[in-house]
Every structure is written in structure tokens, then in C-alpha cells.
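Heads up, start_25.json below (JSON, C-alpha atoms):
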```
[["chain", "number", "residue", "atom", "x", "y", "z"],
["A", 98, "MET", "CA", 15.89, 7.20, -26.38],
["A", 99, "GLU", "CA", 19.33, 8.86, -26.37],
["A", 100, "VAL", "CA", 20.80, 11.93, -24.68],
["A", 101, "LYS", "CA", 24.29, 13.36, -25.09],
["A", 102, "GLY", "CA", 26.01, 15.29, -22.35],
["A", 103, "TYR", "CA", 28.77, 15.32, -19.77],
["A", 104, "LYS", "CA", 29.77, 13.33, -16.72],
["A", 105, "ALA", "CA", 32.45, 14.14, -14.14],
["A", 106, "PHE", "CA", 34.76, 11.61, -12.54],
["A", 107, "ASN", "CA", 37.51, 11.61, -9.96],
["A", 108, "SER", "CA", 41.00, 11.86, -11.44],
["A", 109, "ASP", "CA", 41.28, 8.04, -11.42],
["A", 110, "MET", "CA", 38.10, 7.74, -13.54],
["A", 111, "THR", "CA", 35.95, 6.54, -10.65],
["A", 112, "ASN", "CA", 32.57, 7.98, -9.80],
["A", 113, "ARG", "CA", 31.52, 9.37, -6.40],
["A", 114, "TYR", "CA", 31.00, 5.83, -5.15],
["A", 115, "GLY", "CA", 34.40, 4.51, -6.26],
["A", 116, "LEU", "CA", 33.19, 2.55, -9.30],
["A", 117, "PRO", "CA", 35.74, 2.59, -12.16],
["A", 118, "PHE", "CA", 34.89, 3.67, -15.71],
["A", 119, "GLU", "CA", 36.79, 3.46, -19.01],
["A", 120, "VAL", "CA", 36.59, 5.47, -22.21],
["A", 121, "GLY", "CA", 34.78, 3.55, -24.93],
["A", 122, "SER", "CA", 32.93, 1.31, -22.51],
["A", 123, "ARG", "CA", 29.19, 1.06, -21.95],
["A", 124, "TYR", "CA", 27.64, 0.47, -18.53],
["A", 125, "LYS", "CA", 24.13, -0.58, -17.56],
["A", 126, "VAL", "CA", 22.09, -0.61, -14.35],
["A", 127, "ASP", "CA", 19.20, -2.88, -13.46],
["A", 128, "GLY", "CA", 15.94, -1.72, -11.94],
["A", 129, "GLU", "CA", 13.92, 1.46, -12.01],
["A", 130, "VAL", "CA", 15.87, 4.53, -13.19],
["A", 131, "LYS", "CA", 15.57, 7.43, -10.72],
["A", 132, "PHE", "CA", 17.60, 10.61, -10.23],
["A", 133, "GLY", "CA", 19.10, 11.52, -6.86],
["A", 134, "ASN", "CA", 21.30, 10.30, -4.03],
["A", 135, "ASP", "CA", 18.89, 7.43, -3.40],
["A", 136, "GLY", "CA", 18.19, 6.96, -7.09],
["A", 137, "ASN", "CA", 19.34, 4.39, -9.58],
["A", 138, "GLY", "CA", 21.09, 5.02, -12.87],
["A", 139, "PHE", "CA", 24.10, 6.88, -14.17],
["A", 140, "HIS", "CA", 23.92, 10.62, -13.64],
["A", 141, "MET", "CA", 24.90, 13.02, -16.39],
["A", 142, "CYS", "CA", 24.26, 16.64, -17.32],
["A", 143, "LYS", "CA", 23.30, 18.22, -20.62],
["A", 144, "GLU", "CA", 25.26, 21.40, -19.83],
["A", 145, "LEU", "CA", 28.97, 21.23, -19.09],
["A", 146, "CYS", "CA", 28.79, 23.80, -16.28],
["A", 147, "ASP", "CA", 26.47, 21.60, -14.24],
["A", 148, "VAL", "CA", 28.83, 18.63, -13.76],
["A", 149, "PHE", "CA", 31.17, 20.57, -11.48],
["A", 150, "ARG", "CA", 28.46, 20.95, -8.86],
["A", 151, "TYR", "CA", 28.91, 17.33, -7.85],
["A", 152, "PHE", "CA", 32.69, 16.84, -7.75],
["A", 153, "ASP", "CA", 35.85, 18.09, -6.10],
["A", 154, "LYS", "CA", 36.50, 21.09, -8.26],
["A", 155, "ASP", "CA", 40.29, 20.75, -8.03],
["A", 156, "ASN", "CA", 40.61, 17.18, -9.17],
["A", 157, "VAL", "CA", 37.99, 16.30, -11.76],
["A", 158, "VAL", "CA", 37.96, 14.56, -15.14],
["A", 159, "VAL", "CA", 35.11, 15.37, -17.52],
["A", 160, "ALA", "CA", 33.89, 13.04, -20.24],
["A", 161, "GLU", "CA", 31.47, 13.45, -23.08],
["A", 162, "VAL", "CA", 28.92, 10.68, -22.64],
["A", 163, "THR", "CA", 25.86, 9.19, -24.29],
["A", 164, "GLY", "CA", 22.92, 8.01, -22.22],
["A", 165, "THR", "CA", 20.49, 5.44, -23.62],
["A", 166, "GLY", "CA", 17.70, 3.13, -22.54],
["A", 167, "ARG", "CA", 15.35, 4.34, -19.85],
["A", 168, "ILE", "CA", 16.07, 7.97, -19.01],
["A", 169, "THR", "CA", 14.79, 10.16, -16.19],
["A", 170, "LYS", "CA", 15.20, 13.92, -16.47],
["A", 171, "PHE", "CA", 15.58, 16.10, -13.40],
["A", 172, "ASP", "CA", 15.29, 19.89, -13.16],
["A", 173, "ASP", "CA", 16.34, 21.59, -9.92],
["A", 174, "ASP", "CA", 14.38, 24.83, -10.25],
["A", 175, "TYR", "CA", 15.38, 25.99, -6.78],
["A", 176, "ASN", "CA", 19.12, 25.96, -7.57],
["A", 177, "GLY", "CA", 18.83, 26.66, -11.30],
["A", 178, "TYR", "CA", 20.16, 23.33, -12.57],
["A", 179, "TYR", "CA", 18.31, 21.87, -15.55],
["A", 180, "ASP", "CA", 18.62, 18.96, -17.95],
["A", 181, "MET", "CA", 20.22, 16.56, -15.51],
["A", 182, "TYR", "CA", 19.58, 12.91, -16.16],
["A", 183, "ALA", "CA", 19.72, 9.44, -14.67],
["A", 184, "VAL", "CA", 20.18, 6.93, -17.47],
["A", 185, "GLU", "CA", 19.93, 3.16, -17.66],
["A", 186, "GLU", "CA", 22.96, 2.85, -19.94],
["A", 187, "ILE", "CA", 25.89, 5.18, -20.34],
["A", 188, "THR", "CA", 28.77, 5.15, -22.81],
["A", 189, "ILE", "CA", 31.93, 7.07, -21.99],
["A", 190, "ASP", "CA", 32.67, 8.63, -25.39],
["A", 191, "ARG", "CA", 35.83, 10.59, -24.66],
["A", 192, "ILE", "CA", 37.71, 12.60, -22.05],
["A", 193, "MET", "CA", 37.75, 16.35, -22.53],
["A", 194, "THR", "CA", 40.88, 18.44, -22.13],
["A", 195, "ARG", "CA", 40.96, 21.35, -19.74],
["A", 196, "GLU", "CA", 41.48, 23.65, -22.73],
["A", 197, "GLU", "CA", 38.28, 22.33, -24.34],
["A", 198, "ILE", "CA", 36.35, 22.94, -21.13],
["A", 199, "ILE", "CA", 37.59, 26.53, -20.91],
["A", 200, "GLU", "CA", 36.92, 27.17, -24.60],
["A", 201, "ILE", "CA", 33.32, 25.92, -24.30],
["A", 202, "MET", "CA", 32.70, 28.01, -21.19],
["A", 203, "LEU", "CA", 34.15, 31.17, -22.73],
["A", 204, "CYS", "CA", 31.46, 30.85, -25.42],
["A", 205, "SER", "CA", 28.61, 29.93, -23.05],
["A", 206, "HIS", "CA", 25.69, 32.00, -21.80],
["A", 207, "GLU", "CA", 25.77, 34.10, -18.63],
["A", 208, "LEU", "CA", 24.04, 31.69, -16.25],
["A", 209, "ALA", "CA", 26.32, 28.84, -17.36],
["A", 210, "ASN", "CA", 29.38, 30.97, -16.68],
["A", 211, "LYS", "CA", 28.14, 32.00, -13.26],
["A", 212, "LYS", "CA", 27.63, 28.35, -12.31],
["A", 213, "PHE", "CA", 31.00, 27.40, -13.78],
["A", 214, "LEU", "CA", 32.93, 30.20, -12.07],
["A", 215, "SER", "CA", 31.41, 29.28, -8.70],
["A", 216, "THR", "CA", 32.36, 25.60, -8.94],
["A", 217, "PHE", "CA", 35.61, 25.32, -10.95],
["A", 218, "VAL", "CA", 39.12, 26.43, -9.98],
["A", 219, "LEU", "CA", 40.75, 28.43, -12.79],
["A", 220, "THR", "CA", 44.48, 28.87, -13.27],
["A", 221, "GLU", "CA", 45.85, 32.42, -13.32],
["A", 222, "GLU", "CA", 46.05, 32.31, -17.13],
["A", 223, "GLU", "CA", 42.45, 31.10, -17.38],
["A", 224, "LYS", "CA", 41.29, 33.88, -15.05],
["A", 225, "MET", "CA", 42.85, 36.38, -17.44],
["A", 226, "GLN", "CA", 41.04, 34.75, -20.37],
["A", 227, "PHE", "CA", 37.72, 35.21, -18.56],
["A", 228, "LEU", "CA", 38.58, 38.80, -17.65],
["A", 229, "LYS", "CA", 39.37, 39.59, -21.27],
["A", 230, "GLN", "CA", 36.26, 37.85, -22.60],
["A", 231, "PHE", "CA", 33.81, 39.34, -20.08],
["A", 232, "LYS", "CA", 35.36, 42.71, -19.17],
["A", 233, "LYS", "CA", 32.13, 44.49, -20.15],
["A", 234, "ASN", "CA", 29.79, 42.05, -18.35],
["A", 235, "ILE", "CA", 29.73, 43.21, -14.74],
["A", 236, "SER", "CA", 27.46, 40.34, -13.69],
["A", 237, "ILE", "CA", 29.99, 37.68, -14.78],
["A", 238, "LEU", "CA", 32.88, 39.78, -13.45],
["A", 239, "GLU", "CA", 31.27, 39.76, -10.01],
["A", 240, "TYR", "CA", 31.34, 35.96, -10.00],
["A", 241, "LEU", "CA", 34.89, 35.93, -11.31],
["A", 242, "PHE", "CA", 36.05, 38.37, -8.61],
["A", 243, "TYR", "CA", 34.17, 36.61, -5.82],
["A", 244, "TYR", "CA", 34.88, 32.96, -6.58],
["A", 245, "GLN", "CA", 38.18, 33.10, -8.44],
["A", 246, "PHE", "CA", 39.98, 36.15, -7.01],
["A", 247, "GLY", "CA", 38.56, 36.07, -3.50],
["A", 248, "TYR", "CA", 36.98, 39.54, -3.39],
["A", 249, "LYS", "CA", 34.27, 38.51, -0.93],
["A", 250, "ASP", "CA", 32.65, 41.96, -0.76],
["A", 251, "VAL", "CA", 32.33, 42.45, -4.53],
["A", 252, "PHE", "CA", 28.53, 42.15, -4.55],
["A", 253, "HIS", "CA", 28.35, 45.14, -2.19],
["A", 254, "MET", "CA", 30.78, 47.38, -4.10],
["A", 255, "SER", "CA", 29.81, 50.40, -6.13],
["A", 256, "SER", "CA", 30.38, 50.35, -9.88],
["A", 257, "ARG", "CA", 33.42, 52.57, -9.40],
["A", 258, "GLU", "CA", 34.92, 50.16, -6.83],
["A", 259, "LYS", "CA", 34.32, 47.24, -9.21],
["A", 260, "GLU", "CA", 36.10, 49.10, -12.00],
["A", 261, "GLU", "CA", 39.03, 49.72, -9.64],
["A", 262, "CYS", "CA", 39.11, 45.99, -8.82],
["A", 263, "LEU", "CA", 39.22, 45.21, -12.52],
["A", 264, "ARG", "CA", 42.14, 47.59, -13.06],
["A", 265, "LYS", "CA", 44.01, 46.16, -10.07],
["A", 266, "VAL", "CA", 43.47, 42.54, -11.12],
["A", 267, "CYS", "CA", 44.49, 43.24, -14.72],
["A", 268, "ARG", "CA", 47.60, 45.10, -13.57],
["A", 269, "TYR", "CA", 48.79, 42.18, -11.41],
["A", 270, "GLY", "CA", 47.43, 39.34, -13.52]]
```

Any chance you could put this one into C-alpha cells?
Amino acid sequence: MEVKGYKAFNSDMTNRYGLPFEVGSRYKVDGEVKFGNDGNGFHMCKELCDVFRYFDKDNVVVAEVTGTGRITKFDDDYNGYYDMYAVEEITIDRIMTREEIIEIMLCSHELANKKFLSTFVLTEEEKMQFLKQFKKNISILEYLFYYQFGYKDVFHMSSREKEECLRKVCRYG
């Protein structure tokens, strides 16, 4: 069995436990493959937006990976995270650029963007890209305002107040 997806690393290409990884290398675990903090196997996500949930959002490297061998799928219905895997073997295919990550997310569905905006730190230029792309989607704009611009009361604002926020942010952005 094979699954393609994404895995996040610290900036030095180590995982959460300090184990080093290299692009082009394949890694394997022994034993039963289980997902979770007490599990066994290499964790990866099918959707790019989900990898940021597990790492320091300011200092993360994202790789495209391929999982093979025994694979356990995990869906976190409570938090809305799906298609997460623990795999017996993982190959680090390539490192993604920040620009690639932003480009993929700008073309992603609403739920993916909400998760992404709540767990990733955008630059000022990237914030403007999201504003331009989603200026008519108030639901995504709420997440952008709350998590990226710091408008902590945005979910309680009237539509008119949200439109004023948009004008103010665009004027100073």
C-alpha cells in the first residue's frame, strides 16, 4: 500500500522527537503501526493544511512524502482533521518552498484555508494575497482577520463592521 502526502519538520529537518531526516532517504519502523502520541510509525497528512497543527508555526519545513508498508489511517472527527496516517516506511521526496505552500492554499477549499490560517504565520505580502483571493468569502476573511491580523472580536462584528475592517486592512496593507 502507498499514500502520498505531507510531513512537517523543524527547520533543521528533525521531527518532534529530534530524529534527523534527509531528502531522498527512506525510513522504517519496527513493530505495530499505530497513530498517536503513544503510537508507532511515521506520521503524515494527506492535506497540506493539517501538518501545521503539530509544529511550531513560525519555524517549520514541509516535505512531500510517500508512505508505504503497513499504514494506519486516523480521522479526528472532533477537531475536523482527516486523512492523517502513521506509516511503517516513509520516503522524504522533496522540500516544498513557502511560495508553493501559499499557492496550494490559495487554491484550496474553505475548511482547509480555515485550518491553515489558524495555524500558519503569514507575511504581510501573503496576508494581502489571501485578502485579494478571498475578499468575497466572509467566512475565510473572519479567520484571516482573527488569526493573522489580530482582530479578536471579528466573530462578533456585524457585516458592516467586517467590511470596515476589510477597508482598513487593505488601506494599510

Long-range neighbours of range 215-232 of chain A as a PyMOL selection string, 7 Å cut-off, only C-alpha atoms, 4 positions minimum in chain: chain A and resi 149-150+154-155+203+211+237-238+240+244-245+270

Straight-line distance linking CA of Thr188 in chain A with CA of Lys212 in chain A, stated in Å to one decimal: 25.5 Å

Residue nearest Glu261 in chain A among A:Phe132, A:Ile201, A:Phe213, A:Phe242 (counting all atoms listed in the file): A:Phe242

Atomic separation - CA of Met202 in chain A relative to CA of Thr169 in chain A, Å: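 Interatomic distance here is 25.8 Å.
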
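CA of Gly133 in chain A sits 8.7 Å away from CA of Phe171 in chain A.
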
Long-range neighbours of Gly121 in chain A as a list of chain:residue names, 10 Å cut-off, only C-alpha atoms, 2 positions minimum in chain: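 Here the answer would be A:Phe118, A:Glu119, A:Arg123, A:Val162, A:Thr188, A:Ile189, A:Asp190, A:Arg191, A:Ile192.
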
Spatial sel., origin (17.0, 4.4, -11.7), limit 9 Å, all atoms listed in the file, listed as number ranges by chain: A: 126-133, 136-139, 167-169, 183-185

12 Å contact set for Thr111 in chain A, all atoms listed in the file, chain neighbours under 2 positions out, as number ranges by chain: A: 104-109, 113-120, 152, 156-160

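The residue that comes closest to Ser236 in chain A, out of A:Asn210, A:Ser122, A:Ser205, A:Thr163 and on the basis of only C-alpha atoms, is A:Asn210.
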
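Using all atoms listed in the file, the nearest neighbour of His253 in chain A within the list A:Met141, A:Glu239, A:Lys233, A:Val266 is A:Glu239.
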
Among the residues A:Cys267, A:Leu241, A:Ile199, A:Val148, the one that comes closest to Asp180 in chain A [using only C-alpha atoms]: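 Looking at the shortest contact to Asp180 in chain A, the residue is A:Val148.
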
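If all atoms listed in the file are the atoms counted, then among A:Ile187, A:Met254, A:Leu208, A:Cys146 the closest residue to Tyr124 in chain A is A:Ile187.
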
For Asn112 in chain A, the nearest of the candidates A:Thr194, A:His140, A:Glu186, A:Glu200, counting only C-alpha atoms: A:His140
